[in-house]
Amino acid sequence: MRTSLPGAPLPLVLALSLAAAALCCFDAAATDAVADSCNAIRDFVNVSFCVSRLGAVPGAAAADRHGHLLMAADLAVASGASAGDAAARMERAESDPAVRDALHACGFLYGMSSVPALRIMRRYAAARSWDAAHAVFMLALQAGTDCDAALGSSAGRTMAAANHEFDQLATMATALLNTFSAR
């Protein structure tokens, strides 16, 4: 029997080569789906951030834009919930009443406005009720920027990273929603 590698039969080498090529092409096609969704909203979000965050979600590679919208909403909900929890922890530890009030406002914005609005938006989007989903999207965007404003420039550094992360993820979700609402 003829071999191309010492001791390896040609059919085995060919089968392994085809399997490796299929995996390579599948990964490229899968990455393209995420990149296509992110490129569709490039005017609103950093494409590299979008590809990085969506690409890390299990199943994103095989999902369509609708799936990416739902994943982005889930990411934003998790980020907002985490930021709201962080604001509540910092509020309990804060001695300055003005900063404590601002942190309380941040927790309120995340817990009573943006995170619930994102959950509602996601449910409507999952059902493809685009108008209903679009009706709540402005509330979804509120917490990060308004939390920064409540804290001001000096105290705002305590929540700046969490607020920025949330803003990017919420913008991804709402921008992906708008690709369906505009149809």
# chains A, B, ... in the order shown; residues from 1 in each chain; ligands from 1
call {"tool": "residues_around", "arguments": {"residues": "Ser48 of chain A", "least_positions_apart": "4", "cutoff": "10 Å", "atoms": "only C-alpha atoms", "output": "MDAnalysis selection string"}}
result
chainID A and resid 35 38:39 42 52:54
call {"tool": "write_last_selection", "arguments": {"atoms": "all heavy atoms", "output": "compact mmCIF listing (two decimals), in the first residue's frame"}}
result
# COMPACT_ATOMS: atom_id res chain seq x y z
N ALA A 35 -19.30 38.42 12.14
CA ALA A 35 -18.74 39.64 11.54
C ALA A 35 -19.79 40.36 10.70
O ALA A 35 -19.87 41.60 10.73
CB ALA A 35 -17.52 39.31 10.71
N CYS A 38 -22.08 42.20 13.04
CA CYS A 38 -21.39 43.35 13.63
C CYS A 38 -21.14 44.45 12.59
O CYS A 38 -21.26 45.64 12.90
CB CYS A 38 -20.09 42.90 14.28
SG CYS A 38 -20.37 41.86 15.74
N ASN A 39 -20.82 44.05 11.38
CA ASN A 39 -20.62 45.05 10.31
C ASN A 39 -21.92 45.77 9.97
O ASN A 39 -21.88 46.93 9.57
CB ASN A 39 -20.03 44.40 9.07
CG ASN A 39 -18.53 44.25 9.18
OD1 ASN A 39 -17.84 45.14 9.68
ND2 ASN A 39 -18.02 43.11 8.74
N ARG A 42 -22.02 48.75 12.33
CA ARG A 42 -20.71 49.39 12.52
C ARG A 42 -20.79 50.89 12.75
O ARG A 42 -19.88 51.48 13.30
CB ARG A 42 -19.79 49.07 11.36
CG ARG A 42 -20.15 49.73 10.06
CD ARG A 42 -19.23 49.34 8.90
NE ARG A 42 -19.81 49.71 7.64
CZ ARG A 42 -20.67 48.99 6.96
NH1 ARG A 42 -21.07 47.83 7.42
NH2 ARG A 42 -21.15 49.41 5.82
N SER A 52 -15.75 40.29 19.12
CA SER A 52 -15.14 39.63 20.28
C SER A 52 -16.21 39.14 21.26
O SER A 52 -16.17 38.01 21.71
CB SER A 52 -14.19 40.60 20.97
OG SER A 52 -13.77 40.09 22.20
N ARG A 53 -17.15 40.02 21.59
CA ARG A 53 -18.16 39.65 22.60
C ARG A 53 -19.16 38.65 22.05
O ARG A 53 -19.47 37.66 22.70
CB ARG A 53 -18.88 40.90 23.11
CG ARG A 53 -17.98 41.84 23.91
CD ARG A 53 -17.23 41.13 25.06
NE ARG A 53 -18.11 40.52 26.02
CZ ARG A 53 -18.59 41.07 27.11
NH1 ARG A 53 -18.21 42.29 27.42
NH2 ARG A 53 -19.40 40.42 27.90
N LEU A 54 -19.70 38.88 20.85
CA LEU A 54 -20.65 37.93 20.28
C LEU A 54 -19.97 36.60 19.95
O LEU A 54 -20.55 35.54 20.17
CB LEU A 54 -21.30 38.48 19.02
CG LEU A 54 -22.49 39.39 19.20
CD1 LEU A 54 -23.03 39.84 17.85
CD2 LEU A 54 -23.59 38.73 20.01
call {"tool": "residues_around", "arguments": {"residues": "Asp85 of chain A", "least_positions_apart": "2", "cutoff": "12 Å", "atoms": "only C-alpha atoms", "output": "PDB file with N, CA and C atoms, in the first residue's frame"}}
result
ATOM      1  N   ALA A  78     -26.852  40.834  31.416  1.00  0.00           N
ATOM      2  CA  ALA A  78     -25.863  40.370  32.403  1.00  0.00           C
ATOM      3  C   ALA A  78     -24.946  41.503  32.841  1.00  0.00           C
ATOM      4  N   SER A  79     -24.507  42.312  31.898  1.00  0.00           N
ATOM      5  CA  SER A  79     -23.634  43.445  32.213  1.00  0.00           C
ATOM      6  C   SER A  79     -24.360  44.470  33.079  1.00  0.00           C
ATOM      7  N   GLY A  80     -25.602  44.773  32.728  1.00  0.00           N
ATOM      8  CA  GLY A  80     -26.388  45.740  33.496  1.00  0.00           C
ATOM      9  C   GLY A  80     -26.685  45.248  34.903  1.00  0.00           C
ATOM     10  N   ALA A  81     -27.010  43.975  35.033  1.00  0.00           N
ATOM     11  CA  ALA A  81     -27.270  43.412  36.362  1.00  0.00           C
ATOM     12  C   ALA A  81     -26.013  43.475  37.218  1.00  0.00           C
ATOM     13  N   SER A  82     -24.877  43.171  36.613  1.00  0.00           N
ATOM     14  CA  SER A  82     -23.607  43.236  37.336  1.00  0.00           C
ATOM     15  C   SER A  82     -23.279  44.672  37.750  1.00  0.00           C
ATOM     16  N   ALA A  83     -23.504  45.615  36.853  1.00  0.00           N
ATOM     17  CA  ALA A  83     -23.239  47.024  37.173  1.00  0.00           C
ATOM     18  C   ALA A  83     -24.174  47.513  38.271  1.00  0.00           C
ATOM     19  N   ALA A  87     -23.046  48.917  41.914  1.00  0.00           N
ATOM     20  CA  ALA A  87     -23.475  50.211  42.454  1.00  0.00           C
ATOM     21  C   ALA A  87     -24.059  50.038  43.855  1.00  0.00           C
ATOM     22  N   ALA A  88     -24.846  48.993  44.052  1.00  0.00           N
ATOM     23  CA  ALA A  88     -25.444  48.740  45.370  1.00  0.00           C
ATOM     24  C   ALA A  88     -24.367  48.430  46.418  1.00  0.00           C
ATOM     25  N   ARG A  89     -23.361  47.646  46.042  1.00  0.00           N
ATOM     26  CA  ARG A  89     -22.258  47.339  46.971  1.00  0.00           C
ATOM     27  C   ARG A  89     -21.492  48.604  47.330  1.00  0.00           C
ATOM     28  N   MET A  90     -21.189  49.418  46.323  1.00  0.00           N
ATOM     29  CA  MET A  90     -20.447  50.655  46.575  1.00  0.00           C
ATOM     30  C   MET A  90     -21.278  51.626  47.409  1.00  0.00           C
ATOM     31  N   GLU A  91     -22.573  51.664  47.167  1.00  0.00           N
ATOM     32  CA  GLU A  91     -23.456  52.556  47.935  1.00  0.00           C
ATOM     33  C   GLU A  91     -23.403  52.201  49.425  1.00  0.00           C
ATOM     34  N   ARG A  92     -23.459  50.916  49.739  1.00  0.00           N
ATOM     35  CA  ARG A  92     -23.427  50.492  51.147  1.00  0.00           C
ATOM     36  C   ARG A  92     -22.115  50.863  51.830  1.00  0.00           C
ATOM     37  N   LEU A 103     -24.851  56.760  43.679  1.00  0.00           N
ATOM     38  CA  LEU A 103     -24.753  55.316  43.487  1.00  0.00           C
ATOM     39  C   LEU A 103     -26.126  54.655  43.612  1.00  0.00           C
ATOM     40  N   HIS A 104     -26.948  55.180  44.511  1.00  0.00           N
ATOM     41  CA  HIS A 104     -28.313  54.672  44.631  1.00  0.00           C
ATOM     42  C   HIS A 104     -29.069  54.906  43.315  1.00  0.00           C
ATOM     43  N   CYS A 106     -27.738  55.128  40.386  1.00  0.00           N
ATOM     44  CA  CYS A 106     -27.195  54.172  39.408  1.00  0.00           C
ATOM     45  C   CYS A 106     -27.851  52.805  39.558  1.00  0.00           C
ATOM     46  N   GLY A 107     -27.928  52.332  40.786  1.00  0.00           N
ATOM     47  CA  GLY A 107     -28.569  51.042  41.032  1.00  0.00           C
ATOM     48  C   GLY A 107     -30.007  51.041  40.565  1.00  0.00           C
ATOM     49  N   PHE A 108     -30.698  52.149  40.816  1.00  0.00           N
ATOM     50  CA  PHE A 108     -32.090  52.281  40.382  1.00  0.00           C
ATOM     51  C   PHE A 108     -32.184  52.255  38.860  1.00  0.00           C
ATOM     52  N   LEU A 109     -31.327  53.018  38.182  1.00  0.00           N
ATOM     53  CA  LEU A 109     -31.360  53.066  36.719  1.00  0.00           C
ATOM     54  C   LEU A 109     -31.136  51.686  36.104  1.00  0.00           C
ATOM     55  N   TYR A 110     -30.183  50.950  36.651  1.00  0.00           N
ATOM     56  CA  TYR A 110     -29.934  49.609  36.128  1.00  0.00           C
ATOM     57  C   TYR A 110     -31.071  48.650  36.504  1.00  0.00           C
ATOM     58  N   GLY A 111     -31.431  48.631  37.782  1.00  0.00           N
ATOM     59  CA  GLY A 111     -32.374  47.630  38.266  1.00  0.00           C
ATOM     60  C   GLY A 111     -33.827  47.878  37.936  1.00  0.00           C
ATOM     61  N   VAL A 115     -32.217  47.280  32.720  1.00  0.00           N
ATOM     62  CA  VAL A 115     -32.203  45.811  32.688  1.00  0.00           C
ATOM     63  C   VAL A 115     -33.606  45.246  32.438  1.00  0.00           C
ATOM     64  N   MET A 159     -17.585  53.786  38.568  1.00  0.00           N
ATOM     65  CA  MET A 159     -18.502  53.000  37.745  1.00  0.00           C
ATOM     66  C   MET A 159     -18.213  53.146  36.252  1.00  0.00           C
ATOM     67  N   ALA A 162     -17.793  49.816  34.136  1.00  0.00           N
ATOM     68  CA  ALA A 162     -19.046  49.055  34.078  1.00  0.00           C
ATOM     69  C   ALA A 162     -20.080  49.776  33.223  1.00  0.00           C
TER      70      ALA A 162
END
call {"tool": "atom_distance", "arguments": {"atom1": "atom CA of Ser113 of chain A", "atom2": "atom CA of Ile41 of chain A"}}
result
23.9 Å
call {"tool": "select_by_dssp", "arguments": {"residues": "segment 49-180 of chain A", "states": "alpha helix (DSSP H)", "output": "PyMOL selection string"}}
result
chain A and resi 49-55+65-93+97-108+115-126+130-135+137-140+142-155+160-180
call {"tool": "residues_around", "arguments": {"residues": "His164 of chain A", "least_positions_apart": "5", "cutoff": "9 Å", "atoms": "only C-alpha atoms", "output": "MDAnalysis selection string"}}
result
chainID A and resid 144:145 159 169
call {"tool": "closest_atom_pairs", "arguments": {"of": "segment 43-81 of chain A", "to": "segment 119-140 of chain A", "cutoff": "12 Å", "atoms": "only C-alpha atoms", "output": "Markdown table"}}
result
| residue | atom | partner | partner_atom | distance |
| --- | --- | --- | --- | --- |
| A:Arg65 | CA | A:Ala125 | CA | 11.4 |
| A:His66 | CA | A:Ala126 | CA | 7.9 |
| A:Gly67 | CA | A:Ala126 | CA | 8.5 |
| A:His68 | CA | A:Ala126 | CA | 10.9 |
| A:Leu69 | CA | A:Ala125 | CA | 8.0 |
| A:Leu70 | CA | A:Arg122 | CA | 6.1 |
| A:Met71 | CA | A:Arg122 | CA | 9.1 |
| A:Ala72 | CA | A:Arg122 | CA | 9.3 |
| A:Ala73 | CA | A:Arg122 | CA | 6.1 |
| A:Asp74 | CA | A:Arg122 | CA | 7.9 |
| A:Leu75 | CA | A:Arg119 | CA | 10.8 |
| A:Ala76 | CA | A:Ala140 | CA | 9.0 |
| A:Val77 | CA | A:Arg119 | CA | 6.9 |
| A:Ala78 | CA | A:Arg119 | CA | 10.3 |
| A:Gly80 | CA | A:Ala140 | CA | 9.6 |
| A:Ala81 | CA | A:Arg119 | CA | 11.1 |
call {"tool": "write_last_selection", "arguments": {"atoms": "C-alpha atoms", "output": "short mmCIF file (atom, residue, chain, number, x, y, z; two decimals), in the first residue's frame"}}
result
data_model
loop_
_atom_site.label_atom_id
_atom_site.label_comp_id
_atom_site.auth_asym_id
_atom_site.auth_seq_id
_atom_site.Cartn_x
_atom_site.Cartn_y
_atom_site.Cartn_z
CA ARG A 65 -28.65 38.02 12.96
CA HIS A 66 -31.83 37.38 14.95
CA GLY A 67 -29.88 35.00 17.18
CA HIS A 68 -27.12 37.58 17.54
CA LEU A 69 -29.67 40.18 18.61
CA LEU A 70 -30.93 37.84 21.34
CA MET A 71 -27.37 37.05 22.43
CA ALA A 72 -26.44 40.74 22.54
CA ALA A 73 -29.51 41.44 24.67
CA ASP A 74 -28.49 38.63 27.04
CA LEU A 75 -24.97 40.05 27.28
CA ALA A 76 -26.34 43.53 28.00
CA VAL A 77 -28.72 42.19 30.66
CA ALA A 78 -25.86 40.37 32.40
CA GLY A 80 -26.39 45.74 33.50
CA ALA A 81 -27.27 43.41 36.36
#
call {"tool": "closest_residue", "arguments": {"among": "A:Leu176, A:Ala86, A:Ala117, A:Ala149", "to": "Asp36 of chain A", "atoms": "only C-alpha atoms"}}
result
A:Leu176
